[in-house]
$ cat upload17.cif   # mmCIF, C-alpha atoms (C1' of nucleotides)
data_model
#
loop_
_atom_site.label_atom_id
_atom_site.label_comp_id
_atom_site.auth_asym_id
_atom_site.auth_seq_id
_atom_site.Cartn_x
_atom_site.Cartn_y
_atom_site.Cartn_z
CA MET A 24 66.50 18.19 41.37
CA SER A 25 64.29 20.99 42.48
CA PHE A 26 62.17 18.79 44.74
CA SER A 27 64.82 17.88 47.20
CA ASN A 28 63.12 19.49 50.15
CA GLN A 29 62.07 17.51 53.16
CA ALA A 30 58.45 16.93 52.18
CA TYR A 31 59.33 15.38 48.84
CA LYS A 32 62.15 13.27 50.19
CA ALA A 33 59.73 11.01 52.01
CA LEU A 34 57.72 10.52 48.82
CA ILE A 35 60.79 9.80 46.73
CA GLY A 36 61.91 7.35 49.37
CA ASP A 37 58.59 5.58 49.31
CA LEU A 38 58.57 5.30 45.51
CA THR A 39 62.13 4.17 45.05
CA SER A 40 61.98 1.67 47.88
CA LEU A 41 59.47 -0.39 45.91
CA VAL A 42 60.18 0.14 42.23
CA GLU A 43 62.92 1.22 39.87
CA ILE A 44 62.15 4.51 38.18
CA PRO A 45 64.40 6.24 35.64
CA GLU A 46 65.50 9.64 36.93
CA HIS A 47 63.52 11.71 34.41
CA GLN A 48 60.35 9.71 35.05
CA LEU A 49 60.81 10.12 38.77
CA SER A 50 60.97 13.89 38.51
CA LEU A 51 57.93 13.85 36.28
CA VAL A 52 56.04 11.93 38.92
CA ILE A 53 57.27 13.98 41.83
CA SER A 54 56.47 17.25 40.16
CA SER A 55 52.89 16.12 39.67
CA PHE A 56 52.32 16.10 43.41
CA LYS A 57 51.24 19.39 44.93
CA PRO A 58 51.85 20.15 48.57
CA LYS A 59 49.03 21.18 50.86
CA LYS A 60 49.43 22.41 54.39
CA LEU A 61 46.84 21.74 57.02
CA THR A 62 46.37 23.29 60.40
CA LYS A 63 45.45 21.11 63.33
CA LYS A 64 41.85 19.90 63.02
CA ALA A 65 41.55 21.05 59.41
CA TYR A 66 39.69 18.70 57.10
CA LEU A 67 41.45 17.37 54.05
CA LEU A 68 38.26 15.65 52.96
CA ASN A 69 34.73 15.99 54.21
CA LYS A 70 31.99 13.43 54.06
CA GLY A 71 29.93 14.13 50.95
CA GLU A 72 32.78 15.53 48.87
CA VAL A 73 34.25 13.47 46.09
CA SER A 74 37.85 12.54 46.66
CA ASN A 75 39.77 13.41 43.52
CA HIS A 76 43.31 12.99 44.77
CA MET A 77 45.70 10.39 46.00
CA ARG A 78 47.36 11.74 49.09
CA PHE A 79 50.69 11.14 50.71
CA VAL A 80 51.47 12.37 54.20
CA ALA A 81 54.76 14.23 54.21
CA GLU A 82 54.62 15.39 57.80
CA GLY A 83 52.24 15.63 60.71
CA CYS A 84 49.46 13.24 61.52
CA LEU A 85 45.99 12.72 60.08
CA ARG A 86 43.14 10.34 60.64
CA SER A 87 40.35 9.04 58.49
CA TYR A 88 37.13 8.13 60.20
CA MET A 89 33.44 7.56 59.64
CA LEU A 90 30.33 8.28 61.66
CA ASP A 91 27.91 5.45 62.30
CA ASN A 92 24.14 5.64 62.67
CA ASN A 93 24.47 6.53 66.33
CA GLY A 94 26.81 9.38 65.56
CA GLN A 95 29.81 7.51 66.87
CA GLU A 96 33.21 7.93 65.28
CA HIS A 97 35.19 4.97 63.99
CA ILE A 98 38.76 5.58 63.01
CA LEU A 99 39.87 3.63 59.99
CA GLN A 100 43.38 4.78 59.75
CA PHE A 101 45.98 7.11 61.12
CA GLY A 102 48.47 8.57 58.71
CA ILE A 103 51.89 9.86 59.64
CA SER A 104 54.84 10.74 57.48
CA GLY A 105 55.26 8.13 54.76
CA TRP A 106 51.67 6.89 54.75
CA TRP A 107 48.95 7.35 52.18
CA VAL A 108 45.52 8.49 53.34
CA ASN A 109 42.29 8.79 51.44
CA ASP A 110 38.70 7.76 51.16
CA LEU A 111 39.69 5.25 48.52
CA TYR A 112 36.14 4.21 47.82
CA SER A 113 35.20 7.74 46.88
CA TYR A 114 38.37 8.18 44.86
CA LEU A 115 37.74 5.04 42.86
CA THR A 116 34.03 5.40 42.29
CA ARG A 117 33.80 9.20 42.18
CA LYS A 118 30.95 8.97 44.61
CA PRO A 119 30.65 11.26 47.64
CA ALA A 120 33.00 10.30 50.43
CA THR A 121 31.59 8.34 53.32
CA HIS A 122 34.60 9.15 55.47
CA PHE A 123 36.32 12.22 56.78
CA VAL A 124 40.03 12.87 56.57
CA GLN A 125 41.24 15.31 59.18
CA ALA A 126 44.56 16.59 60.45
CA ILE A 127 45.26 15.71 64.07
CA GLN A 128 48.47 17.72 64.04
CA PRO A 129 49.61 20.47 61.70
CA SER A 130 50.45 18.51 58.60
CA THR A 131 51.68 18.61 55.04
CA VAL A 132 50.33 16.28 52.41
CA LEU A 133 51.37 15.86 48.80
CA GLN A 134 48.49 15.23 46.45
CA ILE A 135 48.05 14.22 42.88
CA HIS A 136 44.83 14.56 40.93
CA ARG A 137 43.22 11.42 39.58
CA ASP A 138 43.36 12.67 36.00
CA THR A 139 47.05 13.42 36.28
CA LEU A 140 47.75 10.08 37.86
CA GLU A 141 45.77 8.14 35.25
CA LYS A 142 47.81 9.78 32.50
CA LEU A 143 51.04 9.15 34.35
CA TYR A 144 50.31 5.44 34.60
CA ASN A 145 50.78 5.21 30.84
CA ARG A 146 54.03 7.14 30.78
CA VAL A 147 55.50 5.61 33.91
CA PRO A 148 54.78 1.89 34.06
CA SER A 149 56.62 1.56 37.36
CA LEU A 150 53.95 3.72 38.91
CA GLU A 151 51.31 1.16 38.13
CA ARG A 152 53.50 -1.42 39.78
CA PHE A 153 54.15 0.83 42.74
CA PHE A 154 50.48 1.16 43.53
CA ARG A 155 49.81 -2.49 42.91
CA ILE A 156 52.39 -3.39 45.52
CA LYS A 157 51.16 -0.67 47.87
CA PHE A 158 47.62 -1.96 47.74
CA GLN A 159 48.66 -5.56 48.14
CA ASN A 160 50.49 -4.59 51.29
CA ALA A 161 47.67 -2.40 52.52
CA TYR A 162 45.28 -5.26 51.99
CA THR A 163 47.27 -7.75 54.02
CA ALA A 164 47.80 -5.21 56.78
CA LEU A 165 44.09 -4.53 56.96
CA GLN A 166 43.38 -8.23 56.95
CA GLU A 167 45.63 -8.66 59.94
CA ARG A 168 43.91 -5.83 61.75
CA HIS A 169 40.54 -7.34 61.03
CA LEU A 170 41.64 -10.70 62.36
CA ASP A 171 42.97 -9.05 65.48
CA LYS A 172 39.57 -7.55 66.04
CA MET A 173 37.97 -10.95 65.55
CA SER A 174 40.27 -13.01 67.71
CA LEU A 175 41.91 -10.82 70.32
CA THR A 176 40.68 -9.18 73.48
CA ALA A 177 40.70 -5.40 73.73
CA LYS A 178 43.70 -5.51 76.03
CA ASP A 179 45.77 -7.53 73.59
CA ARG A 180 44.85 -5.26 70.74
CA TYR A 181 45.91 -2.26 72.80
CA GLU A 182 49.25 -3.82 73.63
CA ASN A 183 49.81 -4.72 70.00
CA PHE A 184 49.00 -1.18 69.01
CA ARG A 185 51.48 0.30 71.46
CA ARG A 186 54.20 -2.02 70.33
CA LYS A 187 53.55 -1.45 66.65
CA TYR A 188 52.78 2.25 66.59
CA ARG A 189 54.77 3.88 69.38
CA ASP A 190 55.18 6.94 67.17
CA ILE A 191 51.48 7.34 66.50
CA GLU A 192 50.62 6.86 70.15
CA GLN A 193 52.55 10.02 71.00
CA MET A 194 50.70 12.15 68.48
CA VAL A 195 47.06 11.32 69.02
CA PRO A 196 44.68 11.67 71.96
CA GLN A 197 43.74 8.54 73.81
CA TYR A 198 40.11 8.57 72.81
CA MET A 199 41.14 8.26 69.18
CA ILE A 200 43.21 5.20 69.96
CA ALA A 201 40.14 3.73 71.64
CA SER A 202 38.14 4.45 68.51
CA TYR A 203 40.80 2.86 66.32
CA LEU A 204 40.79 -0.24 68.51
CA GLY A 205 37.03 -0.42 68.48
CA ILE A 206 36.40 0.25 72.16
CA THR A 207 35.07 3.14 74.23
CA PRO A 208 37.41 5.72 75.76
CA GLU A 209 36.06 4.78 79.19
CA PHE A 210 36.96 1.17 78.70
CA LEU A 211 40.43 2.00 77.47
CA SER A 212 40.94 4.19 80.49
CA ALA A 213 39.81 1.39 82.79
CA MET A 214 42.17 -1.05 81.11
CA ARG A 215 45.08 1.30 81.58
CA LYS A 216 44.42 1.63 85.26
CA LYS A 217 44.91 -2.03 86.01
CA GLU A 218 48.69 -1.95 85.69
CA MET Z 30 41.00 -19.99 21.27
CA SER Z 31 41.74 -23.26 22.95
CA PHE Z 32 40.76 -22.04 26.38
CA SER Z 33 37.15 -21.47 25.71
CA ASN Z 34 35.92 -23.99 28.24
CA GLN Z 35 33.74 -22.98 31.12
CA ALA Z 36 36.46 -22.68 33.76
CA TYR Z 37 38.51 -20.24 31.71
CA LYS Z 38 35.57 -18.17 30.62
CA ALA Z 39 35.13 -16.77 34.10
CA LEU Z 40 38.79 -15.80 34.25
CA ILE Z 41 38.70 -14.18 30.84
CA GLY Z 42 35.60 -12.31 31.87
CA ASP Z 43 37.25 -11.04 35.02
CA LEU Z 44 40.34 -9.85 33.16
CA THR Z 45 38.61 -8.16 30.28
CA SER Z 46 36.03 -6.47 32.47
CA LEU Z 47 38.76 -4.37 34.05
CA VAL Z 48 41.45 -3.85 31.44
CA GLU Z 49 42.04 -3.91 27.71
CA ILE Z 50 44.30 -6.76 26.65
CA PRO Z 51 45.36 -7.47 23.08
CA GLU Z 52 44.16 -10.90 21.99
CA HIS Z 53 47.59 -12.53 21.80
CA GLN Z 54 48.56 -11.23 25.25
CA LEU Z 55 45.31 -12.49 26.65
CA SER Z 56 45.93 -16.01 25.46
CA LEU Z 57 49.45 -15.82 26.83
CA VAL Z 58 48.04 -14.91 30.21
CA ILE Z 59 45.25 -17.43 30.18
CA SER Z 60 47.51 -20.27 29.16
CA SER Z 61 49.73 -19.55 32.14
CA PHE Z 62 46.97 -20.54 34.52
CA LYS Z 63 46.75 -24.23 35.37
CA PRO Z 64 43.51 -25.79 36.54
CA LYS Z 65 43.33 -27.72 39.77
CA LYS Z 66 40.36 -29.74 40.94
CA LEU Z 67 39.55 -30.12 44.60
CA THR Z 68 37.23 -32.52 46.34
CA LYS Z 69 35.03 -31.31 49.14
CA LYS Z 70 37.12 -30.57 52.25
CA ALA Z 71 40.42 -30.79 50.33
CA TYR Z 72 43.04 -28.22 51.25
CA LEU Z 73 44.38 -25.92 48.58
CA LEU Z 74 46.81 -24.42 51.07
CA ASN Z 75 47.81 -25.56 54.53
CA LYS Z 76 49.11 -23.43 57.34
CA GLY Z 77 52.89 -23.63 57.26
CA GLU Z 78 53.20 -24.04 53.50
CA VAL Z 79 54.41 -21.17 51.38
CA SER Z 80 51.81 -19.92 48.95
CA ASN Z 81 53.45 -19.71 45.55
CA HIS Z 82 50.40 -19.14 43.38
CA MET Z 83 47.73 -16.62 42.70
CA ARG Z 84 44.44 -18.46 42.62
CA PHE Z 85 41.21 -17.83 40.84
CA VAL Z 86 38.07 -19.79 41.67
CA ALA Z 87 36.47 -21.14 38.50
CA GLU Z 88 33.74 -23.14 40.19
CA GLY Z 89 32.71 -24.45 43.57
CA CYS Z 90 33.27 -22.74 46.87
CA LEU Z 91 36.28 -22.35 49.11
CA ARG Z 92 37.10 -20.59 52.32
CA SER Z 93 40.25 -19.18 53.85
CA TYR Z 94 40.50 -19.18 57.59
CA MET Z 95 42.93 -19.00 60.47
CA LEU Z 96 43.10 -20.61 63.89
CA ASP Z 97 43.53 -18.35 66.90
CA ASN Z 98 45.35 -19.14 70.14
CA ASN Z 99 42.28 -20.84 71.54
CA GLY Z 100 41.99 -23.06 68.52
CA GLN Z 101 39.01 -21.20 67.19
CA GLU Z 102 38.47 -20.78 63.47
CA HIS Z 103 38.04 -17.36 61.91
CA ILE Z 104 36.94 -17.22 58.33
CA LEU Z 105 38.54 -14.45 56.36
CA GLN Z 106 36.95 -15.00 53.05
CA PHE Z 107 34.70 -17.24 51.05
CA GLY Z 108 35.51 -17.68 47.41
CA ILE Z 109 33.04 -18.69 44.76
CA SER Z 110 33.29 -18.58 40.99
CA GLY Z 111 34.93 -15.35 39.90
CA TRP Z 112 36.76 -14.64 43.16
CA TRP Z 113 40.44 -14.81 43.97
CA VAL Z 114 41.53 -16.65 47.09
CA ASN Z 115 44.93 -16.91 48.70
CA ASP Z 116 47.01 -16.32 51.74
CA LEU Z 117 48.28 -13.14 50.20
CA TYR Z 118 50.68 -12.45 53.02
CA SER Z 119 52.45 -15.73 52.44
CA TYR Z 120 52.42 -15.22 48.69
CA LEU Z 121 53.99 -11.79 48.96
CA THR Z 122 56.56 -12.49 51.64
CA ARG Z 123 57.26 -16.15 50.81
CA LYS Z 124 56.82 -16.92 54.46
CA PRO Z 125 54.81 -19.92 55.68
CA ALA Z 126 51.09 -19.37 55.43
CA THR Z 127 49.24 -18.41 58.57
CA HIS Z 128 45.90 -19.31 56.97
CA PHE Z 129 44.29 -22.36 55.48
CA VAL Z 130 42.49 -22.42 52.16
CA GLN Z 131 40.02 -25.27 51.90
CA ALA Z 132 37.30 -26.35 49.50
CA ILE Z 133 33.82 -26.31 51.01
CA GLN Z 134 32.33 -27.81 47.86
CA PRO Z 135 34.00 -29.72 45.03
CA SER Z 136 35.82 -26.93 43.23
CA THR Z 137 38.08 -25.96 40.39
CA VAL Z 138 40.68 -23.24 40.72
CA LEU Z 139 43.01 -21.80 38.13
CA GLN Z 140 46.45 -21.00 39.44
CA ILE Z 141 49.50 -19.19 38.21
CA HIS Z 142 52.92 -19.48 39.77
CA ARG Z 143 54.49 -16.35 41.20
CA ASP Z 144 57.55 -16.63 38.95
CA THR Z 145 55.39 -16.92 35.87
CA LEU Z 146 53.26 -14.00 36.92
CA GLU Z 147 56.23 -11.77 37.70
CA LYS Z 148 57.59 -12.37 34.22
CA LEU Z 149 54.20 -11.79 32.66
CA TYR Z 150 53.91 -8.39 34.32
CA ASN Z 151 56.72 -7.17 32.07
CA ARG Z 152 55.22 -8.55 28.88
CA VAL Z 153 51.62 -7.66 29.65
CA PRO Z 154 51.41 -4.24 31.26
CA SER Z 155 47.64 -4.51 31.52
CA LEU Z 156 48.11 -7.32 33.96
CA GLU Z 157 49.88 -5.05 36.35
CA ARG Z 158 46.96 -2.68 36.03
CA PHE Z 159 44.48 -5.48 36.47
CA PHE Z 160 45.90 -6.49 39.81
CA ARG Z 161 46.30 -2.91 40.95
CA ILE Z 162 42.61 -2.37 40.39
CA LYS Z 163 41.71 -5.72 41.91
CA PHE Z 164 43.61 -4.92 45.07
CA GLN Z 165 42.21 -1.44 45.32
CA ASN Z 166 38.74 -2.91 45.19
CA ALA Z 167 39.58 -5.69 47.60
CA TYR Z 168 40.95 -3.13 50.00
CA THR Z 169 37.83 -0.99 50.01
CA ALA Z 170 35.62 -4.05 50.36
CA LEU Z 171 37.62 -5.26 53.32
CA GLN Z 172 37.51 -1.81 54.82
CA GLU Z 173 33.77 -1.85 54.63
CA ARG Z 174 33.62 -5.24 56.27
CA HIS Z 175 35.87 -4.07 59.03
CA LEU Z 176 33.71 -1.02 59.65
CA ASP Z 177 30.65 -3.23 59.76
CA LYS Z 178 32.29 -5.26 62.47
CA MET Z 179 33.10 -2.06 64.36
CA SER Z 180 29.77 -0.33 64.10
CA LEU Z 181 27.03 -2.88 63.58
CA THR Z 182 25.34 -5.39 65.81
CA ALA Z 183 25.63 -9.09 64.97
CA LYS Z 184 22.07 -9.13 63.73
CA ASP Z 185 22.65 -6.29 61.27
CA ARG Z 186 25.80 -7.92 59.99
CA TYR Z 187 23.91 -11.13 59.45
CA GLU Z 188 21.18 -9.41 57.51
CA ASN Z 189 23.73 -7.57 55.40
CA PHE Z 190 25.46 -10.82 54.69
CA ARG Z 191 22.29 -12.51 53.55
CA ARG Z 192 21.40 -9.64 51.30
CA LYS Z 193 24.84 -9.36 49.80
CA TYR Z 194 25.79 -13.02 49.47
CA ARG Z 195 22.64 -14.98 48.87
CA ASP Z 196 24.62 -17.34 46.63
CA ILE Z 197 27.27 -18.05 49.24
CA GLU Z 198 24.68 -18.60 51.94
CA GLN Z 199 23.32 -21.58 50.02
CA MET Z 200 26.70 -23.25 49.70
CA VAL Z 201 28.17 -23.09 53.18
CA PRO Z 202 27.10 -24.46 56.55
CA GLN Z 203 25.67 -22.07 59.06
CA TYR Z 204 28.53 -22.32 61.52
CA MET Z 205 30.89 -20.99 58.87
CA ILE Z 206 28.71 -17.98 58.34
CA ALA Z 207 28.85 -17.40 62.09
CA SER Z 208 32.61 -17.57 61.95
CA TYR Z 209 32.73 -15.17 59.02
CA LEU Z 210 30.55 -12.73 60.92
CA GLY Z 211 32.63 -13.05 64.05
CA ILE Z 212 30.04 -14.68 66.29
CA THR Z 213 29.46 -18.15 67.74
CA PRO Z 214 27.23 -20.66 65.98
CA GLU Z 215 25.03 -20.78 69.07
CA PHE Z 216 24.47 -17.08 68.97
CA LEU Z 217 23.66 -17.12 65.28
CA SER Z 218 21.17 -19.88 65.89
CA ALA Z 219 19.54 -17.90 68.70
CA MET Z 220 19.32 -14.82 66.48
CA ARG Z 221 17.64 -16.77 63.75
CA LYS Z 222 14.99 -18.09 66.10
CA LYS Z 223 13.68 -14.68 67.00
CA GLU Z 224 11.97 -14.13 63.65
"C1'" DC X 17 43.34 32.51 84.63
"C1'" DG X 18 39.44 30.36 82.77
"C1'" DA X 19 37.00 27.56 79.47
"C1'" DA X 20 36.92 23.73 76.72
"C1'" DA X 21 38.64 19.24 75.84
"C1'" DA X 22 40.34 14.89 77.45
"C1'" DT X 23 40.50 11.52 80.86
"C1'" DT X 24 38.99 9.05 84.86
"C1'" DT X 25 35.61 6.86 88.00
"C1'" DG X 26 31.89 4.06 89.38
"C1'" DA X 27 27.26 2.07 89.13
"C1'" DC X 28 24.66 -0.38 86.24
"C1'" DA X 29 23.18 -2.63 81.71
"C1'" DT X 30 23.64 -5.84 77.81
"C1'" DG X 31 25.31 -8.23 73.75
"C1'" DA X 32 27.55 -12.04 72.98
"C1'" DC X 33 30.09 -16.19 74.86
"C1'" DT X 34 30.59 -20.79 77.32
"C1'" DC X 35 29.29 -25.14 78.32
"C1'" DA X 36 26.63 -28.98 78.26
"C1'" DA X 37 22.83 -31.39 76.88
"C1'" DC X 38 19.57 -32.44 73.29
"C1'" DT X 39 17.56 -33.02 68.44
"C1'" DG X 40 17.64 -34.21 63.85
"C1'" DG X 41 19.37 -35.38 59.47
"C1'" DA X 42 22.98 -37.55 56.34
"C1'" DG X 43 25.82 -40.89 55.47
"C1'" DT X 44 27.75 -45.65 56.13
"C1'" DG X 45 28.19 -50.42 56.79
"C1'" DG X 46 26.36 -54.76 58.09
"C1'" DC R 8 17.01 -51.05 54.60
"C1'" DC R 9 17.67 -50.70 59.37
"C1'" DA R 10 20.81 -49.30 63.14
"C1'" DC R 11 24.44 -46.49 64.31
"C1'" DT R 12 27.41 -42.79 64.19
"C1'" DC R 13 28.64 -38.28 63.28
"C1'" DC R 14 28.10 -33.69 62.44
"C1'" DA R 15 25.30 -29.51 62.32
"C1'" DG R 16 22.09 -27.05 64.56
"C1'" DT R 17 19.28 -25.80 68.71
"C1'" DT R 18 18.24 -24.70 73.60
"C1'" DG R 19 18.85 -22.77 77.99
"C1'" DA R 20 21.32 -21.36 82.17
"C1'" DG R 21 24.92 -18.85 83.83
"C1'" DT R 22 28.88 -15.63 82.91
"C1'" DC R 23 31.93 -12.10 81.15
"C1'" DA R 24 33.77 -8.49 78.32
"C1'" DT R 25 32.63 -4.33 77.09
"C1'" DG R 26 29.16 -0.58 76.75
"C1'" DT R 27 26.27 3.38 78.80
"C1'" DC R 28 25.57 7.28 81.40
"C1'" DA R 29 26.63 10.87 84.36
"C1'" DA R 30 29.56 13.14 87.27
"C1'" DA R 31 34.24 14.36 88.90
"C1'" DT R 32 38.92 15.42 87.82
"C1'" DT R 33 42.82 16.69 85.13
"C1'" DT R 34 45.03 18.66 81.17
"C1'" DT R 35 45.46 21.83 77.43
"C1'" DC R 36 45.73 26.11 75.58
"C1'" DG R 37 43.81 30.64 74.18
#

$ encode --input "upload17.cif" --output "structure tokens"
Amino acid sequence: MSFSNQAYKALIGDLTSLVEIPEHQLSLVISSFKPKKLTKKAYLLNKGEVSNHMRFVAEGCLRSYMLDNNGQEHILQFGISGWWVNDLYSYLTRKPATHFVQAIQPSTVLQIHRDTLEKLYNRVPSLERFFRIKFQNAYTALQERHLDKMSLTAKDRYENFRRKYRDIEQMVPQYMIASYLGITPEFLSAMRKKE
Amino acid sequence: MSFSNQAYKALIGDLTSLVEIPEHQLSLVISSFKPKKLTKKAYLLNKGEVSNHMRFVAEGCLRSYMLDNNGQEHILQFGISGWWVNDLYSYLTRKPATHFVQAIQPSTVLQIHRDTLEKLYNRVPSLERFFRIKFQNAYTALQERHLDKMSLTAKDRYENFRRKYRDIEQMVPQYMIASYLGITPEFLSAMRKKE
DNA sequence: CGAAAATTTGACATGACTCAACTGGAGTGG
DNA sequence: CCACTCCAGTTGAGTCATGTCAAATTTTCG
């Protein structure tokens, strides 16, 4: 197939690891995703824009974050190779995005337009299943993160993060990890000092 | 149809509000859900059990919660008529539940076994779509809640809660609302005093 | 090399928690 | 129908985890 390059391999891997897709349907799906390269710090989605694509990270590292009333950043999600990133709310409702999606490292994403995807759902039933499973998993993962925030101390959350996301830790500045954990960079720094 | 009673009406409404389902498929789906009545304080799911059903609340009010290392309760979700409640992680992985699901008021739920549902997915494609959409929405709602916890003060979260869930507020004791918001009952009480 | 960005430090502030005692209402049983 | 218990809610004093602010230091990178 003509999409055997590195970027698409990760996507194919993600799809086929969850559902069975006949070869010709798979190439139809794959070919509907368009690659987009991003330089470091480039925005894939700005607050206020409508998100019209589903987006898969082929390589690099991105983050999605929002700004609160005090102008503080809160990171919702990091995305490295194999992850999906988006402002899902905007994508689903077609309302202006409330979040930003920005590249932390030079990155490549593969995107598919909503209209294309909606049509594909009817031709490729496995795709519907794929996203159902994806969202179920995303939901439970987010639930776990939320419970961690409710029940664990900042130190424990930091240790969990390092254990779980060693790869992400290497790619992002410390103050973003603080933001992801829901603490200030100063406090994270202080925690690190004590052994 | 024979499932026109009150409990099933809410389920039918939920299904048909999101997807188109041919009449005969709809009755197939509906008839796969079995009602279960719960007295106040009864457990629908205990920690340690495997959750084998998807569960729709027809009437009453339930909560799902977990116990942290200090024995404190953390409420993940309330469920009133029209909501789905579960320990989704246990359902998906077939591992023992880490959460409890308990009736706060006398309640009726409609449940479908995982095996039945998996088979139905193949016969009723709309069902796959239904749950995809459900989980997308659940994910964005949870994301919003998580961001609230990150960026808002306890007082703001409480006010948001009251605005958003007036109906739930009536049905559950105050200390459970505190738990849902991630604060202590004492602190909620103190907040309420100051106007 | 120099400027900008990230991290560290330390003094001080505060939102929210802990604990223990108290109040009040809702059963329950004698 | 009263007395008793139990559970939810309230109060207040003291504490702690984490935040704020501002300055100093280190790292990154053009």

$ interface_residues --input "upload17.cif" --of "chain A" --to "chain X" --cutoff "8 Å" --atoms "all atoms listed in the file" --output "number ranges by chain"
A: 196, 198, 209, 212-213

$ resolve_selection --input "upload17.cif" --expression "the PyMOL selection byres ((chain R) within 8 of (chain Z))" --output "ChimeraX atom specification"
/R:15-17

$ resolve_selection --input "upload17.cif" --expression "the PyMOL selection byres ((chain A) within 9 of (chain Z))" --output "number ranges by chain"
A: 89-93, 95, 97-99, 110-112, 115, 144, 148, 151-166, 168-170, 172-175, 204-206

$ atom_distance --input "upload17.cif" --atom1 "atom CA of Z:Lys76" --atom2 "atom CA of Z:Ile141"
19.6 Å

$ atom_distance --input "upload17.cif" --atom1 "atom CA of Z:Tyr120" --atom2 "atom CA of Z:Ser80"
4.7 Å

$ atom_distance --input "upload17.cif" --atom1 "atom CA of A:Ala33" --atom2 "atom CA of A:Asn75"
21.8 Å

$ residues_near_point --input "upload17.cif" --point "(36.2, 16.0, 54.9)" --cutoff "10 Å" --atoms "only C-alpha atoms (C1' of nucleotides)" --output "PyMOL selection string"
chain A and resi 65-74+87-88+110+120-125
